[in-house]
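Engineer: Provided herewith: input.pdb, PDB, C-alpha atoms and all ligand atoms.
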ATOM      1  CA  MET A   1      27.024 -28.017 -11.584  1.00  0.00           C
ATOM      2  CA  SER A   2      29.613 -26.391 -13.852  1.00  0.00           C
ATOM      3  CA  ALA A   3      32.549 -24.377 -12.575  1.00  0.00           C
ATOM      4  CA  PRO A   4      32.123 -20.621 -12.440  1.00  0.00           C
ATOM      5  CA  VAL A   5      34.406 -18.771 -14.874  1.00  0.00           C
ATOM      6  CA  THR A   6      35.965 -16.754 -12.080  1.00  0.00           C
ATOM      7  CA  PHE A   7      35.717 -16.818  -8.328  1.00  0.00           C
ATOM      8  CA  THR A   8      35.384 -13.710  -6.175  1.00  0.00           C
ATOM      9  CA  CYS A   9      36.461 -13.602  -2.525  1.00  0.00           C
ATOM     10  CA  SER A  10      33.496 -12.592  -0.392  1.00  0.00           C
ATOM     11  CA  CYS A  11      35.645 -10.667   2.107  1.00  0.00           C
ATOM     12  CA  CYS A  12      37.541  -8.354  -0.221  1.00  0.00           C
ATOM     13  CA  GLY A  13      36.395  -8.914  -3.789  1.00  0.00           C
ATOM     14  CA  GLN A  14      39.712 -10.363  -4.951  1.00  0.00           C
ATOM     15  CA  VAL A  15      39.057 -12.264  -8.167  1.00  0.00           C
ATOM     16  CA  TYR A  16      40.567 -15.689  -8.862  1.00  0.00           C
ATOM     17  CA  ASP A  17      40.731 -17.466 -12.221  1.00  0.00           C
ATOM     18  CA  GLU A  18      38.947 -20.357 -10.555  1.00  0.00           C
ATOM     19  CA  MET A  19      37.710 -21.276  -7.119  1.00  0.00           C
ATOM     20  CA  PRO A  20      40.761 -22.250  -5.048  1.00  0.00           C
ATOM     21  CA  LEU A  21      40.259 -25.780  -3.718  1.00  0.00           C
ATOM     22  CA  CYS A  22      43.777 -26.739  -2.660  1.00  0.00           C
ATOM     23  CA  PHE A  23      45.269 -25.382   0.535  1.00  0.00           C
ATOM     24  CA  GLY A  24      48.214 -26.353   2.599  1.00  0.00           C
ATOM     25  CA  GLY A  25      50.879 -25.758   5.172  1.00  0.00           C
ATOM     26  CA  GLN A  26      54.429 -25.065   4.104  1.00  0.00           C
ATOM     27  CA  TYR A  27      56.080 -26.569   7.189  1.00  0.00           C
ATOM     28  CA  PRO A  28      55.270 -29.199   9.809  1.00  0.00           C
ATOM     29  CA  ASP A  29      53.946 -27.464  12.919  1.00  0.00           C
ATOM     30  CA  TYR A  30      57.042 -28.497  14.881  1.00  0.00           C
ATOM     31  CA  TYR A  31      59.083 -26.185  12.635  1.00  0.00           C
ATOM     32  CA  PHE A  32      57.678 -23.226  14.528  1.00  0.00           C
ATOM     33  CA  ASP A  33      58.944 -24.644  17.836  1.00  0.00           C
ATOM     34  CA  VAL A  34      62.482 -24.127  16.588  1.00  0.00           C
ATOM     35  CA  PRO A  35      63.763 -20.584  17.174  1.00  0.00           C
ATOM     36  CA  PRO A  36      64.399 -18.814  13.835  1.00  0.00           C
ATOM     37  CA  ASP A  37      68.138 -18.449  14.464  1.00  0.00           C
ATOM     38  CA  GLU A  38      68.477 -22.230  15.024  1.00  0.00           C
ATOM     39  CA  ARG A  39      66.476 -23.331  11.985  1.00  0.00           C
ATOM     40  CA  GLU A  40      69.339 -23.466   9.546  1.00  0.00           C
ATOM     41  CA  ALA A  41      71.393 -25.747  11.793  1.00  0.00           C
ATOM     42  CA  ARG A  42      68.595 -28.006  13.001  1.00  0.00           C
ATOM     43  CA  ILE A  43      66.201 -28.324  10.068  1.00  0.00           C
ATOM     44  CA  GLU A  44      66.624 -30.144   6.787  1.00  0.00           C
ATOM     45  CA  LEU A  45      63.718 -29.264   4.534  1.00  0.00           C
ATOM     46  CA  SER A  46      62.861 -30.224   0.990  1.00  0.00           C
ATOM     47  CA  GLU A  47      59.571 -29.836  -0.802  1.00  0.00           C
ATOM     48  CA  SER A  48      57.991 -32.933   0.724  1.00  0.00           C
ATOM     49  CA  LEU A  49      60.367 -34.198   3.382  1.00  0.00           C
ATOM     50  CA  CYS A  50      61.598 -32.608   6.566  1.00  0.00           C
ATOM     51  CA  VAL A  51      63.942 -33.624   9.371  1.00  0.00           C
ATOM     52  CA  ILE A  52      64.139 -31.588  12.556  1.00  0.00           C
ATOM     53  CA  ASP A  53      66.760 -32.880  14.994  1.00  0.00           C
ATOM     54  CA  ASP A  54      65.777 -36.564  15.197  1.00  0.00           C
ATOM     55  CA  HIS A  55      62.117 -36.036  14.188  1.00  0.00           C
ATOM     56  CA  TYR A  56      60.969 -37.046  10.725  1.00  0.00           C
ATOM     57  CA  PHE A  57      58.100 -35.573   8.693  1.00  0.00           C
ATOM     58  CA  HIS A  58      56.630 -35.950   5.242  1.00  0.00           C
ATOM     59  CA  ARG A  59      54.008 -34.135   3.238  1.00  0.00           C
ATOM     60  CA  GLY A  60      50.837 -35.718   1.967  1.00  0.00           C
ATOM     61  CA  ARG A  61      47.366 -34.805   0.835  1.00  0.00           C
ATOM     62  CA  ILE A  62      44.026 -34.962   2.586  1.00  0.00           C
ATOM     63  CA  THR A  63      41.176 -35.141   0.082  1.00  0.00           C
ATOM     64  CA  ILE A  64      37.621 -34.175   1.005  1.00  0.00           C
ATOM     65  CA  PRO A  65      35.275 -35.306  -1.769  1.00  0.00           C
ATOM     66  CA  ILE A  66      32.726 -32.706  -2.867  1.00  0.00           C
ATOM     67  CA  ILE A  67      29.642 -34.773  -3.541  1.00  0.00           C
ATOM     68  CA  ASP A  68      27.943 -32.502  -6.083  1.00  0.00           C
ATOM     69  CA  TYR A  69      30.985 -31.019  -7.846  1.00  0.00           C
ATOM     70  CA  GLU A  70      33.601 -32.306 -10.270  1.00  0.00           C
ATOM     71  CA  GLU A  71      36.587 -31.404  -8.094  1.00  0.00           C
ATOM     72  CA  ASP A  72      37.557 -32.236  -4.534  1.00  0.00           C
ATOM     73  CA  LEU A  73      38.707 -30.027  -1.683  1.00  0.00           C
ATOM     74  CA  THR A  74      42.321 -30.857  -0.823  1.00  0.00           C
ATOM     75  CA  PHE A  75      44.737 -29.939   1.926  1.00  0.00           C
ATOM     76  CA  ASN A  76      48.452 -30.545   1.622  1.00  0.00           C
ATOM     77  CA  VAL A  77      49.538 -31.461   5.126  1.00  0.00           C
ATOM     78  CA  TRP A  78      52.548 -32.692   7.061  1.00  0.00           C
ATOM     79  CA  THR A  79      52.594 -35.720   9.302  1.00  0.00           C
ATOM     80  CA  THR A  80      55.268 -37.367  11.380  1.00  0.00           C
ATOM     81  CA  ILE A  81      56.795 -40.574  10.067  1.00  0.00           C
ATOM     82  CA  SER A  82      59.090 -43.034  11.811  1.00  0.00           C
ATOM     83  CA  LYS A  83      62.767 -42.946  10.958  1.00  0.00           C
ATOM     84  CA  ALA A  84      62.570 -46.455   9.475  1.00  0.00           C
ATOM     85  CA  ASN A  85      59.621 -45.530   7.245  1.00  0.00           C
ATOM     86  CA  PHE A  86      61.251 -42.234   6.313  1.00  0.00           C
ATOM     87  CA  GLU A  87      64.291 -44.141   5.118  1.00  0.00           C
ATOM     88  CA  LEU A  88      62.092 -46.639   3.290  1.00  0.00           C
ATOM     89  CA  ARG A  89      60.183 -43.844   1.541  1.00  0.00           C
ATOM     90  CA  SER A  90      63.426 -42.165   0.516  1.00  0.00           C
ATOM     91  CA  GLU A  91      64.746 -45.467  -0.814  1.00  0.00           C
ATOM     92  CA  LEU A  92      61.534 -46.178  -2.778  1.00  0.00           C
ATOM     93  CA  TRP A  93      61.120 -42.567  -3.976  1.00  0.00           C
ATOM     94  CA  ASP A  94      61.427 -43.396  -7.681  1.00  0.00           C
ATOM     95  CA  ASP A  95      60.152 -46.971  -7.496  1.00  0.00           C
ATOM     96  CA  PRO A  96      56.761 -47.522  -9.232  1.00  0.00           C
ATOM     97  CA  LYS A  97      56.169 -50.483  -6.905  1.00  0.00           C
ATOM     98  CA  ARG A  98      56.061 -48.215  -3.874  1.00  0.00           C
ATOM     99  CA  ILE A  99      52.235 -48.079  -4.184  1.00  0.00           C
ATOM    100  CA  GLU A 100      52.242 -51.670  -2.908  1.00  0.00           C
ATOM    101  CA  GLN A 101      53.698 -50.588   0.449  1.00  0.00           C
ATOM    102  CA  GLN A 102      51.699 -50.885   3.640  1.00  0.00           C
ATOM    103  CA  PRO A 103      50.522 -47.436   4.795  1.00  0.00           C
ATOM    104  CA  TYR A 104      52.767 -45.456   7.132  1.00  0.00           C
ATOM    105  CA  PHE A 105      51.466 -44.267  10.493  1.00  0.00           C
ATOM    106  CA  GLY A 106      51.895 -40.609  11.469  1.00  0.00           C
ATOM    107  CA  TRP A 107      50.608 -37.798  13.696  1.00  0.00           C
ATOM    108  CA  LEU A 108      49.079 -34.883  11.820  1.00  0.00           C
ATOM    109  CA  GLN A 109      51.357 -31.842  11.939  1.00  0.00           C
ATOM    110  CA  THR A 110      49.216 -29.301  10.121  1.00  0.00           C
ATOM    111  CA  LEU A 111      46.406 -27.171  11.457  1.00  0.00           C
ATOM    112  CA  VAL A 112      43.815 -27.893   8.766  1.00  0.00           C
ATOM    113  CA  PRO A 113      41.807 -24.676   8.311  1.00  0.00           C
ATOM    114  CA  THR A 114      38.090 -24.722   9.239  1.00  0.00           C
ATOM    115  CA  TYR A 115      38.541 -28.054  11.074  1.00  0.00           C
ATOM    116  CA  GLY A 116      39.388 -26.776  14.540  1.00  0.00           C
ATOM    117  CA  SER A 117      42.079 -28.598  16.448  1.00  0.00           C
ATOM    118  CA  THR A 118      43.743 -31.088  14.104  1.00  0.00           C
ATOM    119  CA  LEU A 119      47.292 -31.278  15.428  1.00  0.00           C
ATOM    120  CA  ASN A 120      48.422 -34.765  16.404  1.00  0.00           C
ATOM    121  CA  LEU A 121      45.411 -36.592  15.006  1.00  0.00           C
ATOM    122  CA  LYS A 122      46.322 -40.145  14.055  1.00  0.00           C
ATOM    123  CA  THR A 123      46.766 -40.673  10.328  1.00  0.00           C
ATOM    124  CA  ILE A 124      47.978 -43.206   7.833  1.00  0.00           C
ATOM    125  CA  ALA A 125      49.748 -42.336   4.597  1.00  0.00           C
ATOM    126  CA  HIS A 126      49.208 -44.398   1.469  1.00  0.00           C
ATOM    127  CA  GLU A 127      51.941 -44.128  -1.122  1.00  0.00           C
ATOM    128  CA  SER A 128      50.879 -42.602  -4.451  1.00  0.00           C
ATOM    129  CA  GLU A 129      52.362 -43.063  -7.885  1.00  0.00           C
ATOM    130  CA  VAL A 130      55.851 -41.680  -8.393  1.00  0.00           C
ATOM    131  CA  GLY A 131      55.624 -37.895  -8.655  1.00  0.00           C
ATOM    132  CA  TYR A 132      52.678 -37.559  -6.269  1.00  0.00           C
ATOM    133  CA  ILE A 133      52.563 -37.072  -2.525  1.00  0.00           C
ATOM    134  CA  PRO A 134      50.913 -39.778  -0.414  1.00  0.00           C
ATOM    135  CA  ALA A 135      47.192 -39.822   0.349  1.00  0.00           C
ATOM    136  CA  ILE A 136      46.672 -39.097   4.044  1.00  0.00           C
ATOM    137  CA  LYS A 137      43.706 -40.634   5.855  1.00  0.00           C
ATOM    138  CA  VAL A 138      42.698 -39.456   9.297  1.00  0.00           C
ATOM    139  CA  THR A 139      41.968 -42.446  11.522  1.00  0.00           C
ATOM    140  CA  ASP A 140      41.057 -40.627  14.756  1.00  0.00           C
ATOM    141  CA  ASP A 141      37.421 -39.859  15.422  1.00  0.00           C
ATOM    142  CA  HIS A 142      37.184 -36.271  14.125  1.00  0.00           C
ATOM    143  CA  GLN A 143      35.108 -34.192  11.709  1.00  0.00           C
ATOM    144  CA  LEU A 144      37.987 -34.366   9.258  1.00  0.00           C
ATOM    145  CA  ARG A 145      37.734 -38.143   9.134  1.00  0.00           C
ATOM    146  CA  TYR A 146      33.969 -37.971   8.805  1.00  0.00           C
ATOM    147  CA  ASP A 147      34.181 -35.560   5.863  1.00  0.00           C
ATOM    148  CA  GLN A 148      36.893 -37.633   4.194  1.00  0.00           C
ATOM    149  CA  GLU A 149      34.687 -40.666   4.369  1.00  0.00           C
ATOM    150  CA  HIS A 150      31.327 -39.068   3.555  1.00  0.00           C
ATOM    151  CA  GLY A 151      32.210 -36.009   1.500  1.00  0.00           C
ATOM    152  CA  ILE A 152      30.735 -32.520   1.781  1.00  0.00           C
ATOM    153  CA  THR A 153      28.387 -30.540  -0.410  1.00  0.00           C
ATOM    154  CA  PHE A 154      29.493 -27.804  -2.799  1.00  0.00           C
ATOM    155  CA  GLN A 155      27.850 -25.242  -0.512  1.00  0.00           C
ATOM    156  CA  GLU A 156      29.824 -26.521   2.488  1.00  0.00           C
ATOM    157  CA  ALA A 157      33.030 -26.422   0.440  1.00  0.00           C
ATOM    158  CA  LEU A 158      32.250 -22.887  -0.687  1.00  0.00           C
ATOM    159  CA  ASN A 159      31.705 -21.795   2.927  1.00  0.00           C
ATOM    160  CA  LYS A 160      35.050 -23.332   3.913  1.00  0.00           C
ATOM    161  CA  VAL A 161      36.901 -21.699   1.038  1.00  0.00           C
ATOM    162  CA  GLN A 162      35.419 -18.271   1.836  1.00  0.00           C
ATOM    163  CA  GLN A 163      36.329 -18.727   5.506  1.00  0.00           C
ATOM    164  CA  ILE A 164      39.912 -19.757   4.680  1.00  0.00           C
ATOM    165  CA  LEU A 165      40.428 -16.820   2.310  1.00  0.00           C
ATOM    166  CA  LYS A 166      38.987 -14.416   4.877  1.00  0.00           C
ATOM    167  CA  GLU A 167      41.566 -15.606   7.453  1.00  0.00           C
ATOM    168  CA  TRP A 168      44.371 -15.223   4.912  1.00  0.00           C
ATOM    169  CA  HIS A 169      43.281 -11.851   3.630  1.00  0.00           C
ATOM    170  CA  LYS A 170      43.092 -10.333   7.065  1.00  0.00           C
ATOM    171  CA  GLY A 171      46.632 -11.618   7.563  1.00  0.00           C
ATOM    172  CA  GLY A 172      45.628 -14.030  10.304  1.00  0.00           C
TER     173      GLY A 172
HETATM  174 ZN    ZN B   1      39.306 -11.696   0.636  1.00  0.00          ZN
END
Give the structure from this file in structure tokens form.
Structural biologist:
Amino acid sequence: MSAPVTFTCSCCGQVYDEMPLCFGGQYPDYYFDVPPDEREARIELSESLCVIDDHYFHRGRITIPIIDYEEDLTFNVWTTISKANFELRSELWDDPKRIEQQPYFGWLQTLVPTYGSTLNLKTIAHESEVGYIPAIKVTDDHQLRYDQEHGITFQEALNKVQQILKEWHKGG
């Protein structure tokens, strides 16, 4: 199947250059537990790392293979990470050998759209090459894990994308 030239949102007709297949949360869910007027003092946030009080988070990517399409569906998510592993990751940030590290355990901190309740699922994060965020694998028994392992069809991906855009476009 070849990619359509443009992609049109089924809810509102908005036209995209291509079908959006990468979605993500900007902050770990815990961020929203911190009152807005305390965020500056309590939260240290960079593009892919976050510290809130003494809680550590990092950003990674969940990939759902699309069986009959040339691209995958991806979600950029946040998970918790232990302080020791956070420090290790920071230390190895620019080290090409970091891909040899054992995976890091974490609790999922992003509500992955169309997958119901995904907060605090168990995950492991595999380091990627320098310049890329880690690959997150869900290890709890959940649809998200099933789809990661087995993939979904293009039609299922399309349904998810339309559902996600509909939520966004209604401002939900
Ligand atoms: Zn729309």
Engineer: Which protein, DNA or RNA residues have an atom within 10 Å of ligand ZN 1 (chain B), counting only C-alpha atoms and all ligand atoms, as an mmCIF file with C-alpha atoms, in the coordinates of the input?
Structural biologist:
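So pocket.cif came out as:
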data_model
loop_
_atom_site.group_PDB
_atom_site.id
_atom_site.type_symbol
_atom_site.label_atom_id
_atom_site.label_comp_id
_atom_site.auth_asym_id
_atom_site.auth_seq_id
_atom_site.Cartn_x
_atom_site.Cartn_y
_atom_site.Cartn_z
ATOM 1 C CA THR A 8 35.384 -13.710 -6.175
ATOM 2 C CA CYS A 9 36.461 -13.602 -2.525
ATOM 3 C CA SER A 10 33.496 -12.592 -0.392
ATOM 4 C CA CYS A 11 35.645 -10.667 2.107
ATOM 5 C CA CYS A 12 37.541 -8.354 -0.221
ATOM 6 C CA GLY A 13 36.395 -8.914 -3.789
ATOM 7 C CA GLN A 14 39.712 -10.363 -4.951
ATOM 8 C CA VAL A 15 39.057 -12.264 -8.167
ATOM 9 C CA GLN A 162 35.419 -18.271 1.836
ATOM 10 C CA GLN A 163 36.329 -18.727 5.506
ATOM 11 C CA ILE A 164 39.912 -19.757 4.680
ATOM 12 C CA LEU A 165 40.428 -16.820 2.310
ATOM 13 C CA LYS A 166 38.987 -14.416 4.877
ATOM 14 C CA GLU A 167 41.566 -15.606 7.453
ATOM 15 C CA TRP A 168 44.371 -15.223 4.912
ATOM 16 C CA HIS A 169 43.281 -11.851 3.630
ATOM 17 C CA LYS A 170 43.092 -10.333 7.065
#
Engineer: For the point (36.3, -27.9, 11.1) in the file's frame, write as a compact mmCIF listing (two decimals) with C-alpha atoms, in the coordinates of the input all residues with an atom no more than 7 Å away, counting all atoms listed in the file.
Structural biologist:
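And here is the file that came out, point-v8.txt:
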# COMPACT_ATOMS: atom_id res chain seq x y z
CA PRO A 113 41.81 -24.68 8.31
CA THR A 114 38.09 -24.72 9.24
CA TYR A 115 38.54 -28.05 11.07
CA GLY A 116 39.39 -26.78 14.54
CA GLN A 143 35.11 -34.19 11.71
CA LEU A 144 37.99 -34.37 9.26
Engineer: What does the distance between CA of Ile133 in chain A and CA of Tyr16 in chain A come to in Å, to one decimal place?
Structural biologist: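 Distance reported for this atom pair: 25.3 Å.
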Engineer: Report, in Å to a single decimal, how far apart CA of Ile124 in chain A and CA of Lys137 in chain A are.
Structural biologist: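 Those two atoms sit 5.4 Å apart.
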Engineer: Hey, can you check how far CA of Ser128 in chain A sits from CA of Gly60 in chain A?
Structural biologist: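 Interatomic distance here is 9.4 Å.
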Engineer: If the PyMOL selection byres (((chain A and resi 67-73) around 6) and not hetatm) were run on this exact file, what residues would it hold? Put them as a PyMOL selection string.
Structural biologist: chain A and resi 21+63-66+74+151-154
Engineer: Write the residues of the preceding selection, restricted to C-alpha atoms, as a PDB file, keeping the file's coordinate frame.
Structural biologist:
ATOM      1  CA  LEU A  21      40.259 -25.780  -3.718  1.00  0.00           C
ATOM      2  CA  THR A  63      41.176 -35.141   0.082  1.00  0.00           C
ATOM      3  CA  ILE A  64      37.621 -34.175   1.005  1.00  0.00           C
ATOM      4  CA  PRO A  65      35.275 -35.306  -1.769  1.00  0.00           C
ATOM      5  CA  ILE A  66      32.726 -32.706  -2.867  1.00  0.00           C
ATOM      6  CA  THR A  74      42.321 -30.857  -0.823  1.00  0.00           C
ATOM      7  CA  GLY A 151      32.210 -36.009   1.500  1.00  0.00           C
ATOM      8  CA  ILE A 152      30.735 -32.520   1.781  1.00  0.00           C
ATOM      9  CA  THR A 153      28.387 -30.540  -0.410  1.00  0.00           C
ATOM     10  CA  PHE A 154      29.493 -27.804  -2.799  1.00  0.00           C
TER      11      PHE A 154
END
